[in-house]
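> This is the structure, below, for whatever I ask next.
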Amino acid sequence: MNAWGKTDLDRGKTHALVHHSADVAAVLIGLFEQPVFRHRAEVAAERSLDEVDCARLGALAFLHDIGKLAPGFQAKGWPADLWPWSKVGHLTAGWQWCDSLDDRAETALSGAVPDICHWMGGENWMSILFAHHGRPVAESRPEHAWRKLPHYDWEKEEETMGRAMKAWFPLAFGSEGGSLPASHRFRHFFGGALALADWVGSDRRAFHFVPVFKIEYWSHAKEVAKKRLQAVGLDVQRKSISVPAGFSELTGHETPNSAQIEVEKVATEKQLLILEAETGSGKTEAALWRYLALWKAREVEGLYFAVPTRAAARQLHDRVNTSLKRVFGHAAEAVLAIPGQIESGQATGRRLPDWSVLWDDDETVEHPSRWSAEHAIRYLASEVAVGTVDQAMLAALTVKHAHLRGFALSRSLLVIDEVHASDAYMRRIQKELLANHLSIGGHAMLMSATLGVVARSEFLDSDATPSHEDAGKAAYPAVWIMGETDPRRIPDSDTNKAVHVSALTGWSGGEAARSAIEAASRGARVLVIRNTVSRAQETFEEACRLNRGLVLRVKGGPALHHSRFAAEDRKLLDQEVEDILGKESGKSRGCVVIGTQTLEQSLDIDADFLVTDLCPMDVLLQRVGRLHRHSVRKRPDGFDVARVNVLCPQGGLGPLIGTPENGLGSDTRGSLSGVYVDIPGLQATLEEIHAHPVWNIPGMNRALVEAATHPEALERVAERHGWQDYQQKLSGMGLAQIGHAGNVILDWVAELPTRYPDDEKIRTRLGEEGAVFDLSEAVIGPFGSTVQRFTLPSHWSRGVDGKEECVKVPGADFVLEIKGKRFSYTRMGLRKCENQD
């Protein structure tokens, strides 16, 4: 029997191991031939790579499945009576093959081993070689794996592998010279390239099975690999730009504003910049213009646009896709990088029983973006993708396929929007992600309207954090560039927006609804943002009771906006909210839109009047950014000035230490947990409202943010109110989060660990995650459209993980049942049925 590398047991077909090894090696060499990947490799290697280096890397890739020679692995494709012992995995068998070289190094692989050992230069290349399935494999010694058998001669198959390797990689064996690059960073980078090459090279749509060894197969493998890399967008044929690629062609706006101009001035050699500008200042367009400039300069070949939430990603996806079409025409599609979704451009895919994907646009020619859209692990291999920041953060954690993600991301501009929204744990991981990305020549851009000096100093790798006084004086809006001491101040092109901010005592649903309905009855478009879904639902019910006709209407009835709607209905609600509050909306009647934090990010909406719960300053400024966003809009009488009512608890904030309410505070009996637990920061925000009833935005942004986030300011607030113990707990929580992150990051300047921690439990965010469920088939929801996917909040997901059956209970009402628990689904979203824990 011949050694097989891939097998189809149902059809009785096999692909020779030597051929599969050639497929993967050809893909890897093809990846290293791409200019941007090659540049990243050379930066990681700290030297240039020549043809000999690439041949040696190809030969190493050829050995990635050497453990499949083991009879104990080959038996997986044999009749059961030919192998009575336990079968083994090829990666653990690979370690045993390495052990066997102690006694036969001169003869193994047709005498190739001494040369290979020379290339390795004493470094541990085998660990990264055997980690190509996504995580390191510890050395082990399974019994029986390499038994001698009458019907299979693994040493003869090994000799064939050695002959092929020498014939197909002659430069690797026929040249003098030193060893491969010794840096840990380069080996990590190579590991990602190998994992991606194995994925591409295992695709039967391109690499058809050839069961019997043919010496001429190498030429075929190289040809197929090149075509496949082009087909999946990894061998980028530089797209022709369909129009003069200026700002107006890219964005649809006639001229750039001052922030966008300042970003455009940054030299393409600069790797990291931070754009700080107010909400609604066109940061998204500035990032796209930066991408286009880097693409033209051949500094990047891709873009990953990372945002905090899935909802924000869905909103941004359409905008980015539209911009790509303007410049590149049909050749460009943006992938939506949300696990469970299969979307590229305007097309949606459906996974079939054989795991292939059927796209709904009936295109006969495979679009390059579709391959990366079909699996979450491949999202970062997209030419352009929009998704959550979590997908990028997975490249910096000791989780499966981190190396593949990091390698794929290396060719892209990494944009992280709303970077202020990260806690200490996420920020530590993002810092590691940026360190790895920038250390191999990658490019990144961070954006925020409300980034505090502590976080900014960490991202810029600054040695010292300015005092509160100095931090408040820093330029705003501004562009910060790594390596430059002072920021580039963005000239003021627009006048400040004066926002009148009032703190009101009382935050019940009725109190929120009354002020909103009163304003809407005078013609105002009112935005109400509550901290929790329950308060939003309470406010919605009260508003409907007061004046149902003024509440946002969707498909013939009132509706609100939060996270507990089916994914399909969330799209519908987003569209309706933008239709009534968007820049292009022609509707001028009074209306009340009620929701939660889902309304404060990425939706391009413009309200006349804002009602909001008290929240941290950076979040409050985000919400204020949805007020009087577009100066050209005509306002109703009495609302020509931007006004915000901030709803606060009756008893002040002190009682929330230990007894949280409406998303503020935390139970202090254990670890601090909650939506907004920083009581000193909330008090500082409230004091700024009292001290400055009129905020000039963006002129006051810097001072407001630092007053409510700088450690010195928070210590003073805690001391005034006697909250020092609570402040110490908050500081301890932050340090614990940083320490926890440090335990799970993937360090590219260290040796690959022998094993990862329990990577199934490592998260990009601390806290529990909500389980996602799909009905077996789509059904009609409360808005008259079909729905299928639901996400439970984390505190409802205890005891379930998304794998349980989700069914619609027969009957007139829409009720879901999951593992004995029932949830009603109405125009108010998901709610627990009564008499359940």
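Chain labels run A, B, ... following the order of the structure tokens; each chain numbers its residues from 1, and ligands are numbered from 1 in the order shown.
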I want to know what sits within 10 Å of Glu269 in chain A, based on only C-alpha atoms, with residues of the same chain fewer than 5 positions away left out; could you give that as a PyMOL selection string?
chain A and resi 294+297+299+441+443
> Check which residues of range 669-768 of chain A sit at most 9 Å from range 637-660 of chain A using only C-alpha atoms, and return one row each with the closest pair of atoms and their distance in Å to one decimal, ordered by chain and rising number, as a tab-separated table.

```
residue	atom	partner	partner_atom	distance
A:Arg669	CA	A:Gly658	CA	7.4
A:Gly674	CA	A:Pro660	CA	7.8
A:Val677	CA	A:Pro660	CA	8.4
A:Ile679	CA	A:Leu653	CA	6.8
A:Pro680	CA	A:Leu653	CA	8.8
A:Leu682	CA	A:Leu653	CA	8.0
A:Gln683	CA	A:Leu653	CA	7.0
A:Leu686	CA	A:Cys648	CA	8.8
A:Ile689	CA	A:Val646	CA	8.9
A:His721	CA	A:Gly654	CA	8.2
A:Trp723	CA	A:Gly654	CA	8.4
A:Tyr726	CA	A:Ile657	CA	7.8
```
> Let me see the file: selected residues, N, CA, C and O atoms, as a short mmCIF file (atom, residue, chain, number, x, y, z; two decimals), in the first residue's frame.

```cif
data_model
loop_
_atom_site.label_atom_id
_atom_site.label_comp_id
_atom_site.auth_asym_id
_atom_site.auth_seq_id
_atom_site.Cartn_x
_atom_site.Cartn_y
_atom_site.Cartn_z
N ARG A 669 -19.93 42.18 47.30
CA ARG A 669 -19.65 41.01 48.13
C ARG A 669 -18.63 40.08 47.49
O ARG A 669 -17.94 39.34 48.18
N GLY A 674 -20.75 44.25 36.48
CA GLY A 674 -21.90 45.05 36.11
C GLY A 674 -21.64 45.74 34.79
O GLY A 674 -20.60 45.54 34.16
N VAL A 677 -19.44 49.95 36.38
CA VAL A 677 -19.15 49.76 37.81
C VAL A 677 -18.31 50.88 38.41
O VAL A 677 -18.16 50.96 39.63
N ILE A 679 -18.05 53.85 39.93
CA ILE A 679 -18.85 54.88 40.59
C ILE A 679 -18.09 56.21 40.69
O ILE A 679 -18.67 57.28 40.42
N PRO A 680 -16.81 56.24 41.06
CA PRO A 680 -16.10 57.53 41.05
C PRO A 680 -16.10 58.18 39.66
O PRO A 680 -16.25 59.41 39.55
N LEU A 682 -18.41 57.82 37.36
CA LEU A 682 -19.78 58.30 37.13
C LEU A 682 -20.03 59.58 37.92
O LEU A 682 -20.67 60.52 37.42
N GLN A 683 -19.53 59.63 39.15
CA GLN A 683 -19.69 60.85 39.95
C GLN A 683 -18.95 62.01 39.31
O GLN A 683 -19.46 63.14 39.28
N LEU A 686 -21.05 63.30 36.56
CA LEU A 686 -22.17 64.09 37.08
C LEU A 686 -21.70 65.47 37.53
O LEU A 686 -22.38 66.48 37.29
N ILE A 689 -21.30 67.76 34.66
CA ILE A 689 -22.59 68.25 34.17
C ILE A 689 -23.04 69.44 35.01
O ILE A 689 -23.50 70.47 34.49
N HIS A 721 -15.72 61.62 48.63
CA HIS A 721 -16.95 60.92 48.97
C HIS A 721 -16.72 59.73 49.89
O HIS A 721 -17.68 59.01 50.21
N TRP A 723 -14.97 57.01 49.23
CA TRP A 723 -15.07 55.77 48.45
C TRP A 723 -13.70 55.15 48.18
O TRP A 723 -13.51 54.42 47.21
N TYR A 726 -13.60 51.36 47.73
CA TYR A 726 -14.19 50.92 46.45
C TYR A 726 -13.24 51.24 45.30
O TYR A 726 -13.08 50.43 44.38
#
```
> Please extract the residues of range 572-687 of chain A with a backbone DSSP assignment of alpha helix (DSSP H) and present them as number ranges by chain.
A: 572-581, 617-624, 679-687
> How far is it from CA of Leu413 in chain A to CA of Gly442 in chain A, in Å with one decimal?
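Separating CA of Leu413 in chain A from CA of Gly442 in chain A is a distance of 7.1 Å.
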> Excluding Val24 in chain A and residues on its chain fewer than 3 positions from it, collect all residues at most 9 Å away from it, counting only C-alpha atoms, and give them as a list in words.
His19, His20, Ser21, Val27, Leu28, Ile29, Gly58, Ala61, Phe62, His64, Leu194, Ala197, Asp198, Trp199, Val200, Gly201, Ser202, Ala221 and Ala225 of chain A
